[in-house]
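A quick write-up on the structure given underneath.
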Amino acid sequence: MCGIIGYIGKDVANKIILEGLKRLEYRGYDSVGTATIDAKNHLIIKKDVGRIEEVNTKLNLLEPASNIMLGHCRWATHGAPTRENAHPHLDCKNNVAVVHNGVIENFLELKEELIEGGHKFVSRTDTEVVPHLVEEGLNAGLSFYDATVNAIRRIKGSYALAIISTREPDKIICARNESPLVLGVSDSGTFCASDIPAILPYTNKVIVLNNGELAILEANKFVIKRVSDGITLSREAKVIEWSIEQAEKQGYPHFMLKEIHEQPTSLRNALRLQEQYLDLIATFLDRGEKIFLLAAGTSHYACIASSYMFSKLARLATYPIISSEFIENYGESVGIDTVILAVSQSGETYDTLKAVDYARMRAATILGITNVVGSTLTRVSRAYIVQQSGPEIGVAATKSYTAQVLVLAQLALKLAKIRGKLSQDEIDELKASLNRIPEVVENVLETREEKVKAIAKKYAKEKLFLFLGRGISTATALEGRLKLLEISYTPSLAYPAGESKHGPISIIEDGVPVIFICPNDETRKEIIGNIMEMKARGAKIISVCEKGDQKIANLSDDIIEIPKVNPLLSPIPYIIPLQLLAYYIAIEKGLDPDKPRNLAKSVTVP
Ligand code: M6R
């Protein structure tokens with residue numbers, strides 16, 4: 001996830017920005033850049049691909065010394081990690097410099113319009129529209145503030161922006177919508193940054209900017225305004241007592257919990273995909289004879305969930321296969337008519353890349369879904385989608401899983417449309433359900449965490465858990481089990497509930513906890529049967545079910561209720577309490593959920 005920082009004040013800005021960028025490093029980045037205004041009132045831009053120290057050694061970010069500066073570390077989403085795509089971005093006349101974190105949804109329309117108006121673009125980023133929009137206003141004789149506010153009113157999507165201009169070199173204007181942005185004040189100057197740790201060594205007086213607000217920063221003051229109507233808002237600075245380490249986790253004790261709570265945002269970003277890539281991938285999938293969904297670990301469970309979506313929405317059979325088994329199991333069947341959709345958060349998983357390579361050599365079409373632009377998967381794929389979850393630091397995949405499922409759901413819907421399998425009404429209804437998902441997840445996080453914590457306390461000492469689900473909830477059972485297993489080391493099994501009578505039921509005795517995932521879909525009646533079988537043998541039943549499902553509540557020892565959603569999208573909100581359960585059981589057991597033993601975030605070896 002990109003990080004931005006800005007400073008204006010009495011001190012030399014360069015060192016503050018360089019140190020701030022280093023403290024933003026933990027967010028993950030591929031390139032770095034700074035913008036300052038020199039004594040002759042020229043913008044000086046220094047940027048390149050690489051680590052902060054490398055770029056500093058090459059370009060000397062400490063010169064020329066200035067009292068105003070912006071800094072950026074980039075996590076590529078639109079356009080590969082290259083010098084041209086690194087921030088800051090400029091207008092045509094080098095009067096305006098912009099750093100940005102987020103995704104500008106309508107950048108293609110704006111870019112076309114600006115190019116028609118004579119603007120020259122040098123990058124493939126969404127961000128570059130912003131300096132050109134500000135330039136439009138400046139050309140029309142507006143002040144820096146008016147030109148910027150007009151520009152911001154035209155962009156849609158998520159952004160934390162910081163902008164400087166040679167027209168008014170005594171100001172930084174920054175704005176926020178859905179991407180984090182804080183201001184800081186000290187006796188020496190005024191700051192803005194993506195997060196508190198970046199500025200904490202200089203000030204602990206912090207103001208959080210809200211969505212739809214902008215701030216005009218000067219050396220000794222700041223003004224906050226509402227973007228929509230320009231009204232000035234008053235806001236007191238808060239004194240932050242956190243250590244830098246706590247601040248990196250935004251006050252959460254672990255990255256895993258922070259990332260669980262980031263899901264409303266990462267899901268909103270996953271809804272901002274570029275239509276043309278969705279269209280392209282859906283077209284390739286439509287042309288395939290055999291379609292394999294290739295992935296490992298959590299990404300494999302996202303593929304399992306999506307195979308139900310592809311079948312139910314697009315009437316298309318797809319095969320979710322564990323990467324390490326693919327060549328042995330299906331290798332000989334791969335040919336020019338095969339389409340591989342590889343799903344990998346990191347885009348670097350050895351088994352997935354090996355299977356992809358094998359299929360490529362046999363002329364299969366390779367498609368990818370990943371969280372990392374520039375990863376190997378993006379380089380070997382004919383077309384790919386970036387899920388835009390931002391870096392995931394916790395070893396346990398959480399926000400990347402729900403985003404993968406949401407991306408795959410959009411793909412299934414697109415394919416259904418291309419193949420003419422759904423009516424316009426059905427498509428509209430599903431789209432509305434997709435758009436509601438971030439809100440539902442927000443609600444689950446806000447209202448169910450305490451309940452899950454209590455359940456974790458009650459069952460933390462259990463020696464074994466069984467997770468059961470039917471239909472698409474099989475994926476949720478498998479992923480819930482993986483979360484518990486990997487961070488709390490509790491032996492656990494997960495099965496499609498229909499399989500439980502074919503073996504797993506033999507482990508049930510008095511008090512064994514069985515977690516049922518039971519959204520209100522066409523499998524509900526049968527899963528109720530499975531709950532009764534387990535209950536009759538003494539199992540403790542914990543159900544994740546639809547809010548108000550009295551029948552399931554009556555059969556369960558503990559329930560976690562989820563608001564009503566389209567059953568095909570249930571894997572997203574229904575996994576949230578299971579992520580929290582794994583987290584809180586690990587905490588009860590005194591384990592560090594961010595550092596599970598023997599595991600690496602990305603498995604790049606055979
Ligand atoms: O980067 P990938 O999505 O390819 O990684 C796949 C697995 O290694 C990963 O999902 C792993 O299972 C996680 N630790 C699960 O939480």
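So you can find residues: chains in the structure tokens are A, B, ... in the order shown, residues in each start at 1, and ligands are numbered from 1 in order.
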Residues of chain A that have any atom at most 8 Å from an atom of ligand 1: could you tabulate them with the shortest-distance atom pair and the distance in Å to one decimal, using only C-alpha atoms and all ligand atoms, ordered by chain and increasing number, as CSV?
```
residue,atom,partner,partner_atom_place_in_ligand_line,distance
A:Ala295,CA,ligand 1,4 (O),6.2
A:Ala296,CA,ligand 1,6 (C),4.5
A:Gly297,CA,ligand 1,12 (O),3.3
A:Thr298,CA,ligand 1,10 (O),3.7
A:Ser299,CA,ligand 1,3 (O),4.9
A:His300,CA,ligand 1,10 (O),7.4
A:Val343,CA,ligand 1,3 (O),6.5
A:Ser344,CA,ligand 1,3 (O),3.5
A:Gln345,CA,ligand 1,3 (O),3.6
A:Ser346,CA,ligand 1,1 (O),3.6
A:Gly347,CA,ligand 1,1 (O),5.7
A:Glu348,CA,ligand 1,1 (O),6.2
A:Thr349,CA,ligand 1,4 (O),4.5
A:Thr352,CA,ligand 1,4 (O),6.8
A:Thr370,CA,ligand 1,3 (O),7.5
A:Val395,CA,ligand 1,14 (N),5.2
A:Ala396,CA,ligand 1,16 (O),3.4
A:Ala397,CA,ligand 1,16 (O),3.8
A:Thr398,CA,ligand 1,16 (O),6.9
A:Ser400,CA,ligand 1,3 (O),8.0
A:Tyr401,CA,ligand 1,10 (O),8.0
A:Leu482,CA,ligand 1,16 (O),6.8
A:Lys483,CA,ligand 1,16 (O),6.1
A:Glu486,CA,ligand 1,16 (O),7.1
A:Leu599,CA,ligand 1,14 (N),7.0
A:Ala600,CA,ligand 1,14 (N),7.1
A:Lys601,CA,ligand 1,14 (N),5.9
A:Ser602,CA,ligand 1,1 (O),5.4
A:Val603,CA,ligand 1,8 (O),5.5
```
I'd like the neighbourhood of range 409-418 of chain A as a ChimeraX atom specification, where a residue qualifies if any of its atoms comes within 8 Å (using only C-alpha atoms), though same-chain residues fewer than 6 positions away should be ignored. /A:278-279,281-283,285-286,306,309-310,313-315,427,430,434,569
Give me the residues within 12 Å of Leu406 in chain A as a short mmCIF file (atom, residue, chain, number, x, y, z; two decimals) with N, CA and C atoms, in the first residue's frame, counting only C-alpha atoms and dropping any in the same chain fewer than 5 places off.
```cif
data_model
loop_
_atom_site.label_atom_id
_atom_site.label_comp_id
_atom_site.auth_asym_id
_atom_site.auth_seq_id
_atom_site.Cartn_x
_atom_site.Cartn_y
_atom_site.Cartn_z
N GLN A 263 -10.64 -5.03 6.39
CA GLN A 263 -11.38 -5.66 5.29
C GLN A 263 -12.47 -4.79 4.65
N PRO A 264 -13.21 -3.98 5.41
CA PRO A 264 -14.17 -3.13 4.69
C PRO A 264 -13.46 -2.29 3.62
N SER A 266 -10.36 -2.96 2.15
CA SER A 266 -9.77 -3.77 1.07
C SER A 266 -10.87 -4.30 0.16
N LEU A 267 -12.05 -4.55 0.73
CA LEU A 267 -13.16 -5.03 -0.13
C LEU A 267 -13.67 -3.90 -1.02
N ARG A 268 -13.71 -2.70 -0.47
CA ARG A 268 -14.12 -1.56 -1.33
C ARG A 268 -13.14 -1.41 -2.48
N ASN A 269 -11.85 -1.56 -2.18
CA ASN A 269 -10.85 -1.47 -3.26
C ASN A 269 -11.00 -2.59 -4.26
N ALA A 270 -11.39 -3.77 -3.78
CA ALA A 270 -11.57 -4.91 -4.70
C ALA A 270 -12.79 -4.71 -5.60
N LEU A 271 -13.63 -3.76 -5.24
CA LEU A 271 -14.78 -3.45 -6.12
C LEU A 271 -14.43 -2.39 -7.16
N ARG A 272 -13.19 -1.88 -7.05
CA ARG A 272 -12.79 -0.81 -7.99
C ARG A 272 -11.89 -1.36 -9.08
N LEU A 273 -12.19 -2.52 -9.60
CA LEU A 273 -11.34 -3.13 -10.62
C LEU A 273 -11.58 -2.43 -11.94
N ALA A 302 -10.20 -19.80 -1.81
CA ALA A 302 -10.94 -18.76 -2.57
C ALA A 302 -11.37 -19.36 -3.91
N CYS A 303 -10.50 -20.19 -4.50
CA CYS A 303 -10.84 -20.83 -5.79
C CYS A 303 -12.00 -21.81 -5.61
N ALA A 305 -14.42 -21.62 -3.43
CA ALA A 305 -15.65 -20.82 -3.33
C ALA A 305 -16.08 -20.36 -4.73
N SER A 306 -15.10 -19.91 -5.51
CA SER A 306 -15.48 -19.34 -6.82
C SER A 306 -15.96 -20.40 -7.80
N MET A 309 -19.47 -20.33 -7.75
CA MET A 309 -20.01 -19.12 -8.40
C MET A 309 -19.99 -19.26 -9.92
N ILE A 369 -4.67 -13.74 -10.85
CA ILE A 369 -5.22 -12.78 -9.87
C ILE A 369 -4.19 -12.71 -8.76
N ILE A 385 -5.43 -9.60 -12.97
CA ILE A 385 -6.15 -8.59 -12.19
C ILE A 385 -5.41 -8.40 -10.87
N VAL A 386 -5.26 -7.16 -10.46
CA VAL A 386 -4.65 -6.88 -9.16
C VAL A 386 -5.78 -6.62 -8.16
N GLN A 387 -5.77 -7.38 -7.09
CA GLN A 387 -6.91 -7.31 -6.15
C GLN A 387 -6.91 -6.06 -5.26
N GLN A 388 -5.78 -5.35 -5.18
CA GLN A 388 -5.70 -4.06 -4.50
C GLN A 388 -6.00 -4.11 -3.00
N SER A 389 -5.49 -5.17 -2.34
CA SER A 389 -5.73 -5.26 -0.89
C SER A 389 -4.70 -4.49 -0.09
N LYS A 399 -7.27 -10.40 4.85
CA LYS A 399 -7.91 -9.46 3.92
C LYS A 399 -7.67 -9.87 2.47
N SER A 400 -6.57 -10.59 2.20
CA SER A 400 -6.34 -10.99 0.81
C SER A 400 -7.33 -12.07 0.39
N TYR A 401 -7.76 -12.91 1.35
CA TYR A 401 -8.73 -13.98 1.02
C TYR A 401 -10.08 -13.38 0.61
N LEU A 411 -15.83 -11.68 -11.45
CA LEU A 411 -15.47 -12.38 -12.70
C LEU A 411 -16.58 -13.35 -13.10
N ALA A 412 -17.12 -14.06 -12.12
CA ALA A 412 -18.20 -15.03 -12.41
C ALA A 412 -19.42 -14.29 -12.95
N LEU A 413 -19.69 -13.12 -12.37
CA LEU A 413 -20.84 -12.34 -12.83
C LEU A 413 -20.62 -11.83 -14.25
N LEU A 430 -27.48 -8.92 -8.28
CA LEU A 430 -26.19 -9.43 -7.80
C LEU A 430 -25.17 -8.32 -7.63
N LYS A 431 -25.20 -7.37 -8.56
CA LYS A 431 -24.26 -6.23 -8.44
C LYS A 431 -24.53 -5.47 -7.16
N SER A 433 -25.85 -6.64 -4.49
CA SER A 433 -25.39 -7.47 -3.35
C SER A 433 -23.88 -7.38 -3.20
N LEU A 434 -23.15 -7.38 -4.32
CA LEU A 434 -21.68 -7.25 -4.27
C LEU A 434 -21.31 -5.92 -3.61
N ASN A 435 -22.00 -4.87 -4.02
CA ASN A 435 -21.66 -3.54 -3.50
C ASN A 435 -21.95 -3.40 -2.01
N ARG A 436 -22.88 -4.23 -1.52
CA ARG A 436 -23.24 -4.15 -0.08
C ARG A 436 -22.24 -4.90 0.81
N ILE A 437 -21.42 -5.77 0.20
CA ILE A 437 -20.56 -6.66 1.01
C ILE A 437 -19.64 -5.90 1.98
N PRO A 438 -18.94 -4.82 1.55
CA PRO A 438 -18.07 -4.14 2.52
C PRO A 438 -18.83 -3.65 3.77
N LEU A 568 -24.51 -16.75 -2.34
CA LEU A 568 -23.28 -16.97 -3.12
C LEU A 568 -22.13 -16.09 -2.64
N LEU A 569 -22.46 -15.01 -1.94
CA LEU A 569 -21.41 -14.12 -1.42
C LEU A 569 -21.12 -14.40 0.05
N SER A 570 -21.83 -15.38 0.62
CA SER A 570 -21.68 -15.64 2.06
C SER A 570 -20.24 -15.99 2.47
N PRO A 571 -19.39 -16.59 1.59
CA PRO A 571 -18.02 -16.89 2.05
C PRO A 571 -17.29 -15.65 2.58
N ILE A 572 -17.68 -14.46 2.12
CA ILE A 572 -16.94 -13.27 2.59
C ILE A 572 -17.32 -12.91 4.03
N PRO A 573 -18.58 -12.58 4.32
CA PRO A 573 -18.84 -12.22 5.73
C PRO A 573 -18.75 -13.40 6.70
#
```
What residues in range 540-572 of chain A get the DSSP label helix (DSSP H, G or I)? Please answer as a count of residues only. 11
Closest to His42 in chain A among A:Thr127, A:Ser143, A:Ser186, A:Thr166, using only C-alpha atoms?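 With only C-alpha atoms as the atom set, the closest residue is A:Thr166.
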Which polymer residues have any atom within 12 Å of an atom of Phe284 in chain A, counting only C-alpha atoms, with same-chain residues fewer than 3 positions away left out, as a list in words?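 Residues near the query, excluding close chain neighbours: Tyr277, Leu278, Asp279, Leu280, Ile281, Arg287, Gly288, Glu289, Lys290, Ile291, Asp337, Thr338, Val339, Ile340, Leu341, Ala364, Thr365, Ile366, Leu367, Gly368, Ser381, Arg382, Ala383, Tyr384, Leu411, Lys414, Leu415 and Ile418 of chain A.
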From a backbone DSSP assignment, name each residue in range 2-89 of chain A labelled strand (DSSP E), as a list in words. Gly3, Ile4, Ile5, Gly6, Tyr7, Ile8, Gly9, Ser31, Val32, Gly33, Thr34, Ala35, Thr36, Ile37, Leu43, Ile44, Ile45, Lys46, Lys47, Asp48, Val49, Ile68, Met69, Leu70, Gly71, His72, Cys73, Arg74 and His89 of chain A
Of the residues A:Ala175, A:Ala219, A:Leu468, A:Ile152, which is the one nearest to Asp11 in chain A, using only C-alpha atoms? A:Ala219
For Asp521 in chain A, list every protein, DNA or RNA residue within 9 Å, evaluated using only C-alpha atoms, and leave out those in the same chain fewer than 6 positions away; present the list as a list of chain:residue names.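 Near neighbours after the sequence-gap exclusion: A:Gly471, A:Asn566, A:Pro567, A:Leu568.
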Restrict the selected residues to all heavy atoms and save them as a PDB file, in the first residue's frame.
```
ATOM      1  N   GLY A 471     -22.060 -27.079   0.262  1.00  0.00           N
ATOM      2  CA  GLY A 471     -22.066 -26.195  -0.900  1.00  0.00           C
ATOM      3  C   GLY A 471     -20.916 -25.218  -0.801  1.00  0.00           C
ATOM      4  O   GLY A 471     -19.800 -25.573  -0.380  1.00  0.00           O
ATOM      5  N   ASN A 566     -26.671 -12.324  -0.071  1.00  0.00           N
ATOM      6  CA  ASN A 566     -26.857 -13.296  -1.134  1.00  0.00           C
ATOM      7  C   ASN A 566     -25.994 -14.520  -0.796  1.00  0.00           C
ATOM      8  O   ASN A 566     -24.788 -14.383  -0.583  1.00  0.00           O
ATOM      9  CB  ASN A 566     -26.396 -12.669  -2.463  1.00  0.00           C
ATOM     10  CG  ASN A 566     -26.621 -13.599  -3.626  1.00  0.00           C
ATOM     11  OD1 ASN A 566     -26.257 -14.760  -3.579  1.00  0.00           O
ATOM     12  ND2 ASN A 566     -27.223 -13.070  -4.675  1.00  0.00           N
ATOM     13  N   PRO A 567     -26.589 -15.726  -0.729  1.00  0.00           N
ATOM     14  CA  PRO A 567     -25.826 -16.899  -0.288  1.00  0.00           C
ATOM     15  C   PRO A 567     -24.532 -17.129  -1.063  1.00  0.00           C
ATOM     16  O   PRO A 567     -23.548 -17.596  -0.499  1.00  0.00           O
ATOM     17  CB  PRO A 567     -26.794 -18.068  -0.511  1.00  0.00           C
ATOM     18  CG  PRO A 567     -28.138 -17.456  -0.550  1.00  0.00           C
ATOM     19  CD  PRO A 567     -27.991 -16.050  -1.029  1.00  0.00           C
ATOM     20  N   LEU A 568     -24.510 -16.755  -2.340  1.00  0.00           N
ATOM     21  CA  LEU A 568     -23.285 -16.974  -3.125  1.00  0.00           C
ATOM     22  C   LEU A 568     -22.130 -16.089  -2.641  1.00  0.00           C
ATOM     23  O   LEU A 568     -20.977 -16.366  -2.916  1.00  0.00           O
ATOM     24  CB  LEU A 568     -23.534 -16.676  -4.602  1.00  0.00           C
ATOM     25  CG  LEU A 568     -23.998 -17.843  -5.457  1.00  0.00           C
ATOM     26  CD1 LEU A 568     -24.073 -17.434  -6.917  1.00  0.00           C
ATOM     27  CD2 LEU A 568     -23.082 -19.048  -5.304  1.00  0.00           C
TER      28      LEU A 568
END
```
Figure out the distance between CA of Pro496 in chain A and CA of Arg470 in chain A, please, to one decimal in Å.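 If I compute the distance from CA of Arg470 in chain A to CA of Pro496 in chain A, I get 5.3 Å.
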